[in-house]
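What follows is final.csv (CSV, C-alpha atoms and all ligand atoms).
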```csv
chain,number,residue,atom,x,y,z
Y,27,MET,CA,-7.6,-22.3,-4.1
Y,28,SER,CA,-6.0,-21.7,-0.7
Y,29,ARG,CA,-6.3,-18.2,0.6
Y,30,PRO,CA,-3.2,-16.0,0.2
Y,31,ARG,CA,-0.8,-15.5,3.1
Y,32,VAL,CA,-0.1,-11.7,3.2
Y,33,ILE,CA,2.3,-9.3,4.9
Y,34,LEU,CA,1.3,-5.7,4.4
Y,35,ASP,CA,4.2,-3.1,4.4
Y,36,VAL,CA,2.6,0.2,5.1
Y,37,ASP,CA,3.1,4.0,5.8
Y,38,PRO,CA,-0.3,5.0,7.2
Y,39,GLY,CA,-1.5,7.3,5.7
Y,40,HIS,CA,-5.2,7.4,5.0
Y,41,ASP,CA,-5.3,5.0,2.1
Y,42,ASP,CA,-2.9,2.6,3.9
Y,43,ALA,CA,-5.4,2.7,6.8
Y,44,VAL,CA,-8.2,1.6,4.6
Y,45,ALA,CA,-6.1,-1.2,3.1
Y,46,LEU,CA,-5.3,-2.4,6.7
Y,47,MET,CA,-8.9,-2.6,7.6
Y,48,MET,CA,-9.7,-4.3,4.3
Y,49,ALA,CA,-7.1,-6.9,5.1
Y,50,CYS,CA,-8.6,-7.5,8.5
Y,51,GLY,CA,-12.1,-7.8,7.0
Y,52,ALA,CA,-10.9,-10.2,4.3
Y,53,GLU,CA,-9.2,-12.3,7.0
Y,54,GLN,CA,-12.5,-12.4,8.9
Y,55,ARG,CA,-14.1,-13.7,5.7
Y,56,GLU,CA,-11.3,-16.2,5.3
Y,57,GLU,CA,-10.3,-14.6,2.1
Y,58,LEU,CA,-6.7,-14.1,3.2
Y,59,GLU,CA,-4.3,-14.9,6.1
Y,60,LEU,CA,-2.8,-11.7,7.5
Y,61,LEU,CA,0.6,-12.8,8.8
Y,62,GLY,CA,1.5,-9.3,10.0
Y,63,VAL,CA,2.2,-5.7,9.2
Y,64,THR,CA,5.5,-3.9,8.8
Y,65,THR,CA,5.8,-0.2,8.9
Y,66,VAL,CA,8.0,2.2,7.0
Y,67,ALA,CA,8.6,6.0,7.0
Y,68,GLY,CA,6.9,7.7,4.1
Y,69,ASN,CA,3.7,9.6,4.5
Y,70,ALA,CA,4.9,10.4,7.9
Y,71,THR,CA,7.9,9.5,10.2
Y,72,LEU,CA,8.3,5.9,11.2
Y,73,GLU,CA,7.1,6.7,14.7
Y,74,LYS,CA,3.9,8.1,13.3
Y,75,THR,CA,3.3,5.5,10.7
Y,76,THR,CA,3.8,2.7,13.3
Y,77,ARG,CA,1.5,4.5,15.8
Y,78,ASN,CA,-1.1,4.8,13.1
Y,79,ALA,CA,-0.9,1.2,12.0
Y,80,LEU,CA,-1.3,0.0,15.6
Y,81,ARG,CA,-4.3,2.4,16.2
Y,82,VAL,CA,-6.0,1.3,13.0
Y,83,LEU,CA,-5.7,-2.4,13.8
Y,84,SER,CA,-7.0,-1.8,17.3
Y,85,LEU,CA,-9.9,0.1,15.8
Y,86,ALA,CA,-10.6,-2.8,13.5
Y,87,GLY,CA,-10.7,-5.1,16.5
Y,88,ARG,CA,-7.4,-6.8,15.6
Y,89,PRO,CA,-4.8,-5.7,18.2
Y,90,ASP,CA,-3.4,-9.2,17.9
Y,91,VAL,CA,-1.9,-8.6,14.4
Y,92,PRO,CA,1.9,-8.2,14.8
Y,93,VAL,CA,3.2,-4.8,13.8
Y,94,ALA,CA,7.0,-4.6,13.3
Y,95,ALA,CA,8.6,-1.2,12.6
Y,96,GLY,CA,11.1,-0.9,9.8
Y,97,ALA,CA,13.1,1.8,8.1
Y,98,ALA,CA,13.0,5.3,9.5
Y,99,ALA,CA,14.6,6.6,6.3
Y,100,PRO,CA,15.2,5.6,2.6
Y,101,LEU,CA,18.2,3.5,1.7
Y,102,VAL,CA,20.4,6.4,0.7
Y,103,ARG,CA,18.4,9.6,0.6
Y,104,PRO,CA,16.8,11.8,3.2
Y,105,LEU,CA,13.2,11.1,4.1
Y,106,HIS,CA,10.5,13.1,2.3
Y,107,THR,CA,7.0,13.0,4.0
Y,108,ALA,CA,3.5,14.1,2.9
Y,109,GLU,CA,1.9,16.1,5.7
Y,110,ASP,CA,0.2,18.2,3.0
Y,111,ILE,CA,-1.9,15.2,2.1
Y,112,HIS,CA,-2.1,13.1,5.4
Y,113,GLY,CA,-1.7,15.9,8.0
Y,114,GLU,CA,0.8,16.3,10.9
Y,115,SER,CA,-0.1,12.9,12.5
Y,116,GLY,CA,0.0,11.1,9.2
Y,117,LEU,CA,-3.6,10.2,9.8
Y,118,ASP,CA,-5.4,13.5,10.5
Y,119,GLY,CA,-9.2,13.6,10.6
Y,120,PRO,CA,-11.5,11.8,13.1
Y,121,GLU,CA,-9.9,11.2,16.5
Y,122,ILE,CA,-9.3,7.5,17.1
Y,123,PRO,CA,-8.1,6.0,20.4
Y,124,GLU,CA,-4.5,5.0,21.0
Y,125,ALA,CA,-3.7,1.3,20.3
Y,126,VAL,CA,-4.4,-1.3,22.9
Y,127,SER,CA,-1.3,-3.2,21.8
Y,128,GLY,CA,2.3,-2.3,21.2
Y,129,ARG,CA,4.6,-3.0,18.3
Y,130,ASP,CA,6.4,-6.3,17.9
Y,131,GLU,CA,9.9,-6.2,19.5
Y,132,ARG,CA,11.4,-7.4,16.2
Y,133,ALA,CA,12.3,-4.9,13.4
Y,134,ALA,CA,10.5,-5.3,10.1
Y,135,VAL,CA,13.2,-7.2,8.3
Y,136,ALA,CA,13.5,-9.7,11.2
Y,137,PHE,CA,9.8,-10.1,11.3
Y,138,MET,CA,9.5,-10.7,7.6
Y,139,ALA,CA,12.3,-13.3,7.9
Y,140,ASP,CA,10.6,-15.2,10.7
Y,141,ALA,CA,7.2,-15.0,9.0
Y,142,LEU,CA,8.6,-16.4,5.8
Y,143,ARG,CA,10.5,-19.2,7.5
Y,144,GLU,CA,7.5,-20.2,9.5
Y,145,ALA,CA,5.0,-20.0,6.7
Y,146,PRO,CA,4.0,-23.5,5.4
Y,147,GLY,CA,3.8,-22.1,1.9
Y,148,PRO,CA,4.4,-19.0,-0.3
Y,149,VAL,CA,3.7,-15.5,1.0
Y,150,THR,CA,2.5,-12.4,-0.8
Y,151,LEU,CA,4.0,-9.1,0.1
Y,152,VAL,CA,1.7,-6.0,-0.3
Y,153,PRO,CA,3.9,-2.9,0.0
Y,154,THR,CA,1.9,0.3,0.0
Y,155,GLY,CA,4.6,2.8,1.0
Y,156,PRO,CA,8.2,3.4,0.0
Y,157,LEU,CA,10.0,0.0,-0.7
Y,158,THR,CA,12.8,0.5,1.8
Y,159,ASN,CA,11.8,-2.5,4.0
Y,160,VAL,CA,11.3,-4.9,1.1
Y,161,ALA,CA,14.6,-4.0,-0.5
Y,162,ALA,CA,16.4,-4.3,2.8
Y,163,PHE,CA,14.8,-7.7,3.4
Y,164,LEU,CA,15.7,-9.0,-0.1
Y,165,ARG,CA,19.3,-7.9,0.5
Y,166,SER,CA,19.7,-9.4,3.9
Y,167,HIS,CA,17.8,-12.7,3.4
Y,168,PRO,CA,18.3,-13.7,-0.2
Y,169,GLY,CA,17.7,-17.3,0.8
Y,170,LEU,CA,14.1,-16.6,1.8
Y,171,LYS,CA,13.3,-14.9,-1.6
Y,172,LYS,CA,11.9,-18.3,-2.7
Y,173,LYS,CA,9.2,-18.1,-0.1
Y,174,ILE,CA,7.8,-14.9,-1.7
Y,175,SER,CA,5.3,-15.8,-4.4
Y,176,HIS,CA,4.1,-12.3,-5.4
Y,177,VAL,CA,4.7,-8.7,-4.6
Y,178,SER,CA,1.6,-6.6,-5.2
Y,179,LEU,CA,2.8,-3.0,-4.7
Y,180,MET,CA,1.2,0.4,-4.9
Y,181,GLY,CA,3.6,2.7,-6.6
Y,182,GLY,CA,4.8,4.3,-9.8
Y,183,SER,CA,2.9,5.3,-12.9
Y,184,VAL,CA,3.0,4.7,-16.6
Y,185,GLY,CA,2.1,8.4,-17.0
Y,186,LEU,CA,2.6,11.4,-14.8
Y,187,GLY,CA,3.7,11.4,-11.2
Y,188,ASN,CA,2.1,13.1,-8.2
Y,189,THR,CA,5.1,14.2,-6.2
Y,190,THR,CA,7.0,15.5,-9.2
Y,191,PRO,CA,5.7,15.6,-12.8
Y,192,ALA,CA,7.6,12.3,-13.3
Y,193,ALA,CA,7.5,10.4,-10.0
Y,194,GLU,CA,4.8,8.9,-7.8
Y,195,PHE,CA,5.4,9.4,-4.0
Y,196,ASN,CA,6.3,5.8,-2.9
Y,197,ILE,CA,8.9,5.4,-5.7
Y,198,TYR,CA,10.1,9.1,-5.4
Y,199,VAL,CA,10.9,8.6,-1.7
Y,200,ASP,CA,13.1,5.6,-2.2
Y,201,PRO,CA,14.0,5.0,-5.9
Y,202,GLU,CA,17.0,2.9,-5.1
Y,203,ALA,CA,14.8,0.5,-3.1
Y,204,ALA,CA,12.2,0.4,-5.8
Y,205,ARG,CA,14.9,-0.4,-8.4
Y,206,GLN,CA,16.0,-3.3,-6.3
Y,207,VAL,CA,12.5,-4.7,-6.0
Y,208,PHE,CA,11.7,-4.3,-9.7
Y,209,GLU,CA,15.0,-6.0,-10.6
Y,210,SER,CA,14.6,-8.8,-8.0
Y,211,GLY,CA,13.2,-11.3,-10.4
Y,212,LEU,CA,10.1,-11.7,-8.1
Y,213,PRO,CA,6.6,-11.6,-9.7
Y,214,VAL,CA,5.6,-7.9,-9.3
Y,215,THR,CA,2.2,-6.5,-9.8
Y,216,MET,CA,2.4,-2.7,-10.0
Y,217,SER,CA,-0.7,-0.7,-9.1
Y,218,GLY,CA,0.4,2.7,-10.1
Y,219,LEU,CA,-1.5,6.0,-10.4
Y,220,ASP,CA,-2.9,5.0,-13.8
Y,221,VAL,CA,-5.1,2.4,-12.1
Y,222,THR,CA,-5.5,3.9,-8.6
Y,223,HIS,CA,-6.8,7.2,-9.8
Y,224,GLN,CA,-9.8,5.1,-11.0
Y,225,ALA,CA,-10.6,4.3,-7.4
Y,226,GLY,CA,-11.8,7.8,-6.2
Y,227,ALA,CA,-13.9,7.6,-3.1
Y,228,GLY,CA,-16.6,10.2,-3.8
Y,229,THR,CA,-19.5,11.3,-1.7
Y,230,ALA,CA,-21.6,8.4,-2.9
Y,231,GLU,CA,-19.0,5.9,-1.9
Y,232,ARG,CA,-18.4,7.6,1.5
Y,233,GLU,CA,-22.2,7.5,2.2
Y,234,ARG,CA,-22.2,3.7,1.5
Y,235,LEU,CA,-19.3,3.4,3.9
Y,236,ARG,CA,-21.1,5.4,6.6
Y,237,ALA,CA,-24.0,3.0,6.3
Y,238,LEU,CA,-21.7,0.1,7.3
Y,239,GLY,CA,-21.6,1.1,11.0
Y,240,GLU,CA,-19.0,2.3,13.3
Y,241,VAL,CA,-15.9,1.2,11.3
Y,242,GLY,CA,-17.5,2.5,8.1
Y,243,GLU,CA,-18.2,5.8,9.8
Y,244,THR,CA,-14.6,6.2,10.8
Y,245,VAL,CA,-13.3,5.2,7.4
Y,246,ALA,CA,-15.6,7.7,5.8
Y,247,GLY,CA,-14.4,10.3,8.2
Y,248,PHE,CA,-10.8,9.6,7.3
Y,249,LEU,CA,-11.7,9.9,3.6
Y,250,ASP,CA,-13.5,13.2,4.2
Y,251,PHE,CA,-10.2,14.6,5.4
Y,252,PHE,CA,-8.3,12.9,2.5
Y,253,ALA,CA,-10.9,14.4,0.1
Y,254,GLU,CA,-10.1,17.9,1.4
Y,255,THR,CA,-6.4,17.6,0.9
Y,256,TYR,CA,-6.7,15.9,-2.5
Y,257,GLU,CA,-9.0,18.7,-3.6
Y,258,SER,CA,-6.8,21.5,-2.3
Y,259,VAL,CA,-3.5,20.0,-3.6
Y,260,PHE,CA,-4.6,18.3,-6.8
Y,261,GLY,CA,-8.0,19.6,-7.5
Y,262,PHE,CA,-9.5,16.1,-7.4
Y,263,ASP,CA,-13.2,15.7,-6.7
Y,264,ALA,CA,-12.6,12.4,-4.9
Y,265,PRO,CA,-9.5,11.0,-3.1
Y,266,PRO,CA,-8.0,7.9,-4.8
Y,267,LEU,CA,-7.9,4.7,-2.7
Y,268,HIS,CA,-4.4,3.9,-3.9
Y,269,ASP,CA,-3.3,1.3,-1.4
Y,270,PRO,CA,-6.5,-0.7,-1.3
Y,271,VAL,CA,-6.1,-1.3,-5.1
Y,272,ALA,CA,-2.8,-3.2,-4.5
Y,273,LEU,CA,-4.6,-5.4,-1.9
Y,274,ALA,CA,-7.6,-5.9,-4.2
Y,275,ALA,CA,-5.3,-7.1,-6.9
Y,276,VAL,CA,-4.4,-10.0,-4.5
Y,277,LEU,CA,-7.9,-10.7,-3.3
Y,278,GLU,CA,-9.6,-10.6,-6.7
Y,279,PRO,CA,-7.0,-10.3,-9.4
Y,280,GLU,CA,-9.7,-10.0,-12.1
Y,281,LEU,CA,-10.6,-6.6,-10.8
Y,282,VAL,CA,-7.5,-5.1,-12.5
Y,283,GLU,CA,-6.5,-5.4,-16.1
Y,284,VAL,CA,-2.7,-5.8,-16.3
Y,285,ARG,CA,-0.1,-5.7,-19.0
Y,286,SER,CA,3.4,-7.3,-18.7
Y,287,MET,CA,6.1,-4.8,-19.4
Y,288,ARG,CA,9.6,-3.7,-18.4
Y,289,VAL,CA,9.7,-1.2,-15.6
Y,290,ASP,CA,12.9,0.6,-14.8
Y,291,VAL,CA,13.3,3.2,-12.1
Y,292,GLU,CA,15.2,6.4,-12.6
Y,293,CYS,CA,17.7,7.0,-9.8
Y,294,GLU,CA,20.2,9.4,-11.3
Y,295,SER,CA,18.3,12.3,-12.7
Y,296,THR,CA,17.5,15.2,-10.4
Y,297,LEU,CA,14.6,16.2,-12.7
Y,298,THR,CA,13.0,12.7,-13.0
Y,299,ARG,CA,14.3,10.8,-10.0
Y,300,GLY,CA,11.8,8.2,-8.9
Y,301,GLU,CA,10.1,7.9,-12.3
Y,302,THR,CA,8.9,4.4,-13.2
Y,303,VAL,CA,9.9,4.2,-16.9
Y,304,CYS,CA,7.3,1.7,-18.2
Y,305,ASP,CA,8.1,0.1,-21.6
Y,306,LEU,CA,4.4,-0.1,-22.6
Y,307,TYR,CA,5.2,-0.9,-26.3
Y,308,GLY,CA,8.2,-3.1,-25.7
Y,309,VAL,CA,10.5,-0.8,-27.5
Y,310,THR,CA,13.5,-1.5,-25.3
Y,311,GLY,CA,13.5,-5.2,-26.1
Y,312,LYS,CA,14.2,-5.8,-22.3
Y,313,PRO,CA,12.3,-8.7,-20.7
Y,314,ALA,CA,9.2,-7.7,-18.8
Y,315,ASN,CA,9.7,-7.6,-15.0
Y,316,ALA,CA,6.2,-6.5,-13.9
Y,317,GLU,CA,2.5,-6.8,-14.5
Y,318,VAL,CA,1.3,-3.2,-14.6
Y,319,ALA,CA,-2.3,-2.6,-13.8
Y,320,LEU,CA,-3.9,-0.2,-16.2
Y,321,LYS,CA,-7.7,-0.6,-15.8
Y,322,LEU,CA,-9.9,-1.1,-12.7
Y,323,ASP,CA,-13.3,-2.7,-12.4
Y,324,ARG,CA,-14.3,0.2,-10.2
Y,325,GLU,CA,-17.7,-1.2,-9.3
Y,326,GLY,CA,-16.3,-4.5,-8.4
Y,327,PHE,CA,-13.5,-2.9,-6.4
Y,328,PHE,CA,-15.9,-0.9,-4.2
Y,329,GLU,CA,-18.2,-3.9,-3.7
Y,330,LEU,CA,-15.1,-5.8,-2.4
Y,331,LEU,CA,-14.3,-2.8,-0.1
Y,332,TYR,CA,-17.8,-2.7,1.3
Y,333,ARG,CA,-17.9,-6.5,1.7
Y,334,THR,CA,-14.6,-6.6,3.6
Y,335,LEU,CA,-15.4,-3.7,5.9
Y,336,GLU,CA,-19.0,-4.5,6.8
Y,337,GLY,CA,-18.1,-7.4,9.0
Y,338,LEU,CA,-15.6,-5.5,11.1
Y,339,ARG,CA,-16.7,-4.6,14.6
Y,340,GLY,CA,-15.8,-1.2,15.9
F,1,LIG,O1,1.2,8.1,-4.3
F,1,LIG,C1,0.3,7.5,-3.4
F,1,LIG,C2,1.0,6.6,-2.4
F,1,LIG,O2,1.9,7.4,-1.6
F,1,LIG,C3,0.0,5.9,-1.4
F,1,LIG,O3,0.6,4.7,-1.0
F,1,LIG,C4,0.0,6.9,-0.3
F,1,LIG,O4,-0.4,6.3,0.9
F,1,LIG,C5,1.4,7.4,-0.3
F,1,LIG,O5,2.2,6.4,0.5
F,2,CA,CA,0.9,4.4,1.4
```
Would you kindly transcribe this structure into C-alpha cells?
Amino acid sequence: MSRPRVILDVDPGHDDAVALMMACGAEQREELELLGVTTVAGNATLEKTTRNALRVLSLAGRPDVPVAAGAAAPLVRPLHTAEDIHGESGLDGPEIPEAVSGRDERAAVAFMADALREAPGPVTLVPTGPLTNVAAFLRSHPGLKKKISHVSLMGGSVGLGNTTPAAEFNIYVDPEAARQVFESGLPVTMSGLDVTHQAGAGTAERERLRALGEVGETVAGFLDFFAETYESVFGFDAPPLHDPVALAAVLEPELVEVRSMRVDVECESTLTRGETVCDLYGVTGKPANAEVALKLDREGFFELLYRTLEGLRG
C-alpha cells in the first residue's frame, strides 16, 4: 500500500511537538510523506505555535518542511489558550534553538489548497489542535474536498472533558469549526481523551526515549515538563501523548480500536459548549459520521513512537 500523504495541522504544544517529530521520523522510514505543517492558535497564540513548529522541525533535522501559519483566533469566539499546561512559550521545558528556517509565505488555507491541488493522489489531514484552519479550508475550497481521503484528528471525548467537565480543549476552543468538520461528510477518525489517556508517557517510557540519543533526550525533557503540569493540574501520574495517537492511527490503524458512531458538537450551551456528543449506542438513529477510537494498543503505540524517533538526528 502506498504511504499516506499527510498535512499536520498543529498548535505546539508538547504533544504536538512529539507528533511532529514522529511524522519526520516516519517520513525518514518511508512510512508517510509529510507534505507540510499548518499552525493554528490553541495551546498558545499563533505566533508562539508557529515559532514552536519551526523550532521543532529544525531540531528534528527537517527545516525544509513547509510551515504555513493559519488562524490566530477561532471562527467566532475569542481565543482560549493553555499556558497552565504548556507554559508561557507554549513549549516550556528544555531550551531549544531558534529555527533555521522561516515560515512559508502562504497562509495555512492557501498552503492546504496548493498542496491538495499538487498532490498526485489523496491526502490525509491530521489536525491536532482546534479545527479552525480545517473548517476555513473546507469552506473556502469545497472543490478540493475530494482530494482529502481521511481526517485523523485529536479532539473530543465520549466521556468527560479536560477543559470543562464536558469539553476537550481542541473542540472547546472552536466548537463551530469542529461542528463543520464532523458534518463535512469526510471520513473522520476521532482520537479523543478516551483513547489518548491510555497513552501516558511515564518514567519508564521517558527513560526509553532518553536512550534514543539527542532527539530522544529532548523529547523526554519536554515530557518531563508536561508531566509536571499534568500532575499539578489533573493529578495524572503520566502526561498523555494525545496528538501522537492521531498520527499513529494513520501510520498503523490497527493500533486503535474504533467504533462508528454519530458525533455532534454542542455550540449553544454555555455549560457544555464544545462537548462532542457521541452516540455510542445509536439511540439517535442519525447516520454515523466518525470512527471514534476507544482502545489503544499501548505497547504497539510506544514501539511505533520509539521506532520513528530513533532514526532522527539531533
Ligand atoms: O486536549 C488535548 C489537546 O489539546 C492536545 O491536542 C493538546 O496539544 C491541546 O491542543
Ligand atoms: Ca495539540
Mind checking which residues fall within 10 Å of Arg129 (chain Y), counting all atoms listed in the file, ignoring those fewer than 2 positions away in the same chain, and posting them as a list in words?
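In the requested format, the answer is Val63, Thr64, Thr65, Thr76, Arg77, Ala79, Leu80, Pro89, Val91, Pro92, Val93, Ala94, Ala95, Ala125, Ser127, Glu131, Arg132 and Ala133 of chain Y.
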Could you report the residues within 10 Å of ligand LIG 1 (chain F), using only C-alpha atoms and all ligand atoms, as an mmCIF file with C-alpha atoms, keeping the file's coordinate frame?
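To be explicit, this is the file written out as out32.cif:
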```cif
data_model
loop_
_atom_site.group_PDB
_atom_site.id
_atom_site.type_symbol
_atom_site.label_atom_id
_atom_site.label_comp_id
_atom_site.auth_asym_id
_atom_site.auth_seq_id
_atom_site.Cartn_x
_atom_site.Cartn_y
_atom_site.Cartn_z
ATOM 1 C CA VAL Y 36 2.600 0.200 5.100
ATOM 2 C CA ASP Y 37 3.100 4.000 5.800
ATOM 3 C CA PRO Y 38 -0.300 5.000 7.200
ATOM 4 C CA GLY Y 39 -1.500 7.300 5.700
ATOM 5 C CA HIS Y 40 -5.200 7.400 5.000
ATOM 6 C CA ASP Y 41 -5.300 5.000 2.100
ATOM 7 C CA ASP Y 42 -2.900 2.600 3.900
ATOM 8 C CA ALA Y 43 -5.400 2.700 6.800
ATOM 9 C CA VAL Y 44 -8.200 1.600 4.600
ATOM 10 C CA ALA Y 45 -6.100 -1.200 3.100
ATOM 11 C CA VAL Y 66 8.000 2.200 7.000
ATOM 12 C CA ALA Y 67 8.600 6.000 7.000
ATOM 13 C CA GLY Y 68 6.900 7.700 4.100
ATOM 14 C CA ASN Y 69 3.700 9.600 4.500
ATOM 15 C CA ALA Y 70 4.900 10.400 7.900
ATOM 16 C CA THR Y 107 7.000 13.000 4.000
ATOM 17 C CA ALA Y 108 3.500 14.100 2.900
ATOM 18 C CA ILE Y 111 -1.900 15.200 2.100
ATOM 19 C CA HIS Y 112 -2.100 13.100 5.400
ATOM 20 C CA GLY Y 116 0.000 11.100 9.200
ATOM 21 C CA PRO Y 153 3.900 -2.900 0.000
ATOM 22 C CA THR Y 154 1.900 0.300 0.000
ATOM 23 C CA GLY Y 155 4.600 2.800 1.000
ATOM 24 C CA PRO Y 156 8.200 3.400 0.000
ATOM 25 C CA LEU Y 179 2.800 -3.000 -4.700
ATOM 26 C CA MET Y 180 1.200 0.400 -4.900
ATOM 27 C CA GLY Y 181 3.600 2.700 -6.600
ATOM 28 C CA GLY Y 182 4.800 4.300 -9.800
ATOM 29 C CA SER Y 183 2.900 5.300 -12.900
ATOM 30 C CA GLY Y 187 3.700 11.400 -11.200
ATOM 31 C CA ASN Y 188 2.100 13.100 -8.200
ATOM 32 C CA THR Y 189 5.100 14.200 -6.200
ATOM 33 C CA ALA Y 193 7.500 10.400 -10.000
ATOM 34 C CA GLU Y 194 4.800 8.900 -7.800
ATOM 35 C CA PHE Y 195 5.400 9.400 -4.000
ATOM 36 C CA ASN Y 196 6.300 5.800 -2.900
ATOM 37 C CA ILE Y 197 8.900 5.400 -5.700
ATOM 38 C CA TYR Y 198 10.100 9.100 -5.400
ATOM 39 C CA VAL Y 199 10.900 8.600 -1.700
ATOM 40 C CA SER Y 217 -0.700 -0.700 -9.100
ATOM 41 C CA GLY Y 218 0.400 2.700 -10.100
ATOM 42 C CA LEU Y 219 -1.500 6.000 -10.400
ATOM 43 C CA THR Y 222 -5.500 3.900 -8.600
ATOM 44 C CA HIS Y 223 -6.800 7.200 -9.800
ATOM 45 C CA PRO Y 266 -8.000 7.900 -4.800
ATOM 46 C CA LEU Y 267 -7.900 4.700 -2.700
ATOM 47 C CA HIS Y 268 -4.400 3.900 -3.900
ATOM 48 C CA ASP Y 269 -3.300 1.300 -1.400
ATOM 49 C CA PRO Y 270 -6.500 -0.700 -1.300
ATOM 50 C CA VAL Y 271 -6.100 -1.300 -5.100
ATOM 51 C CA ALA Y 272 -2.800 -3.200 -4.500
#
```
Quick one: residues within 10 Å of Thr298 (chain Y), only C-alpha atoms counted, chain neighbours fewer than 4 positions away excluded, as a VMD selection string?
chain Y and resid 187 190 to 193 198 291 to 294 302 to 303
One residue among Y:Leu60, Y:Leu157, Y:Leu142, Y:Ala97 is nearest to ligand CA 2 (chain F) when using all atoms listed in the file, and that residue is Y:Leu157
Which residue gives the smallest distance to Glu121 (chain Y) among Y:Phe248, Y:Asp290, Y:Arg29, Y:Gly62, with all atoms listed in the file counted?
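Looking at the shortest contact to Glu121 (chain Y), the residue is Y:Phe248.
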Counting only C-alpha atoms and all ligand atoms, figure out which residue out of Y:Leu34, Y:Ala230, Y:Ala162, Y:Met47 gets nearest to ligand CA 2 (chain F).
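The closest residue to ligand CA 2 (chain F) is Y:Leu34.
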Show which residues sit within 7 Å of Leu320 (chain Y), as a PDB file with C-alpha atoms, in the frame of the given file. Count all atoms listed in the file, and ignore same-chain residues fewer than 5 positions away.
```pdb
ATOM      1  CA  ASP Y 220      -2.900   5.000 -13.800  1.00  0.00           C
ATOM      2  CA  VAL Y 221      -5.100   2.400 -12.100  1.00  0.00           C
ATOM      3  CA  GLU Y 283      -6.500  -5.400 -16.100  1.00  0.00           C
ATOM      4  CA  VAL Y 284      -2.700  -5.800 -16.300  1.00  0.00           C
TER       5      VAL Y 284
END
```
Which residues are close to region 306-311 of chain Y, i.e. within 10 Å by all atoms listed in the file, leaving aside same-chain residues fewer than 2 positions away? Reply as a list in words.
Val184, Arg285, Ser286, Met287, Arg288, Val289, Val303, Cys304, Pro313, Ala314 and Val318 of chain Y
Would you kindly return, as a list in words, each protein, DNA or RNA residue with an atom no farther than 12 Å from any atom of Glu329 (chain Y), considering only C-alpha atoms and excluding same-chain residues fewer than 2 positions away?
Met48, Ala225, Glu231, Arg234, Leu235, Ala274, Glu278, Leu281, Asp323, Arg324, Glu325, Gly326, Phe327, Leu331, Tyr332, Arg333, Thr334, Leu335 and Glu336 of chain Y
Y:Pro265, Y:Gly247, Y:Gly51, Y:Pro213 ranked by distance to Leu151 (chain Y), top pick (using only C-alpha atoms):
Y:Pro213
Between Y:Thr255, Y:Ser210, Y:Asn78, Y:Thr150, which residue has the minimum interatomic distance to ligand CA 2 (chain F), considering only C-alpha atoms and all ligand atoms?
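Closest to ligand CA 2 (chain F) of all the choices is Y:Asn78.
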Point out the residue among Y:Thr75, Y:Ala49, Y:Ser295, Y:Gln224 with the least atom-to-atom distance to Glu109 (chain Y), counting all atoms listed in the file.
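With all atoms listed in the file as the atom set, the closest residue is Y:Thr75.
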One number please: CA of Pro168 (chain Y) to CA of Arg143 (chain Y), in Å, one decimal.
12.3 Å
Edge lengths and centre, in Å to one decimal, as JSON: that's what I need for the box along x, y and z that holds all listed atoms of region 37-51 of chain Y plus 8 Å on each side.
```
{"center_x": -4.5, "center_y": -0.2, "center_z": 5.3, "size_x": 31.2, "size_y": 31.2, "size_z": 22.4}
```
Quote the spacing between CA of Leu46 (chain Y) and CA of Ser258 (chain Y) in Å to one decimal place.
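Computing it gives 25.6 Å between the two atoms.
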Can you sort out region 206-214 of chain Y so it carries N, CA, C and O atoms, written as a PDB file, in the coordinates of the input?
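Writing the result to rebuild-v9.pdb gives the following:
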```
ATOM      1  N   GLN Y 206      15.632  -1.987  -6.761  1.00  0.00           N
ATOM      2  CA  GLN Y 206      16.000  -3.300  -6.300  1.00  0.00           C
ATOM      3  C   GLN Y 206      14.829  -4.290  -6.336  1.00  0.00           C
ATOM      4  O   GLN Y 206      14.968  -5.467  -6.667  1.00  0.00           O
ATOM      5  N   VAL Y 207      13.664  -3.783  -6.010  1.00  0.00           N
ATOM      6  CA  VAL Y 207      12.500  -4.700  -6.000  1.00  0.00           C
ATOM      7  C   VAL Y 207      12.083  -5.017  -7.451  1.00  0.00           C
ATOM      8  O   VAL Y 207      11.854  -6.191  -7.761  1.00  0.00           O
ATOM      9  N   PHE Y 208      12.070  -4.047  -8.345  1.00  0.00           N
ATOM     10  CA  PHE Y 208      11.700  -4.300  -9.700  1.00  0.00           C
ATOM     11  C   PHE Y 208      12.733  -5.226 -10.418  1.00  0.00           C
ATOM     12  O   PHE Y 208      12.421  -5.962 -11.342  1.00  0.00           O
ATOM     13  N   GLU Y 209      13.985  -5.179  -9.945  1.00  0.00           N
ATOM     14  CA  GLU Y 209      15.000  -6.000 -10.600  1.00  0.00           C
ATOM     15  C   GLU Y 209      15.292  -7.292  -9.787  1.00  0.00           C
ATOM     16  O   GLU Y 209      16.229  -8.032 -10.056  1.00  0.00           O
ATOM     17  N   SER Y 210      14.419  -7.582  -8.829  1.00  0.00           N
ATOM     18  CA  SER Y 210      14.600  -8.800  -8.000  1.00  0.00           C
ATOM     19  C   SER Y 210      14.326 -10.079  -8.640  1.00  0.00           C
ATOM     20  O   SER Y 210      14.696 -11.141  -8.144  1.00  0.00           O
ATOM     21  N   GLY Y 211      13.565  -9.999  -9.734  1.00  0.00           N
ATOM     22  CA  GLY Y 211      13.200 -11.300 -10.400  1.00  0.00           C
ATOM     23  C   GLY Y 211      11.880 -11.825  -9.781  1.00  0.00           C
ATOM     24  O   GLY Y 211      11.327 -12.816 -10.264  1.00  0.00           O
ATOM     25  N   LEU Y 212      11.359 -11.175  -8.725  1.00  0.00           N
ATOM     26  CA  LEU Y 212      10.100 -11.700  -8.100  1.00  0.00           C
ATOM     27  C   LEU Y 212       8.928 -11.229  -8.989  1.00  0.00           C
ATOM     28  O   LEU Y 212       8.978 -10.187  -9.647  1.00  0.00           O
ATOM     29  N   PRO Y 213       7.831 -11.999  -8.991  1.00  0.00           N
ATOM     30  CA  PRO Y 213       6.600 -11.600  -9.700  1.00  0.00           C
ATOM     31  C   PRO Y 213       6.053 -10.316  -9.058  1.00  0.00           C
ATOM     32  O   PRO Y 213       5.648 -10.355  -7.889  1.00  0.00           O
ATOM     33  N   VAL Y 214       6.069  -9.225  -9.803  1.00  0.00           N
ATOM     34  CA  VAL Y 214       5.600  -7.900  -9.300  1.00  0.00           C
ATOM     35  C   VAL Y 214       4.336  -7.518 -10.000  1.00  0.00           C
ATOM     36  O   VAL Y 214       4.285  -7.534 -11.238  1.00  0.00           O
TER      37      VAL Y 214
END
```
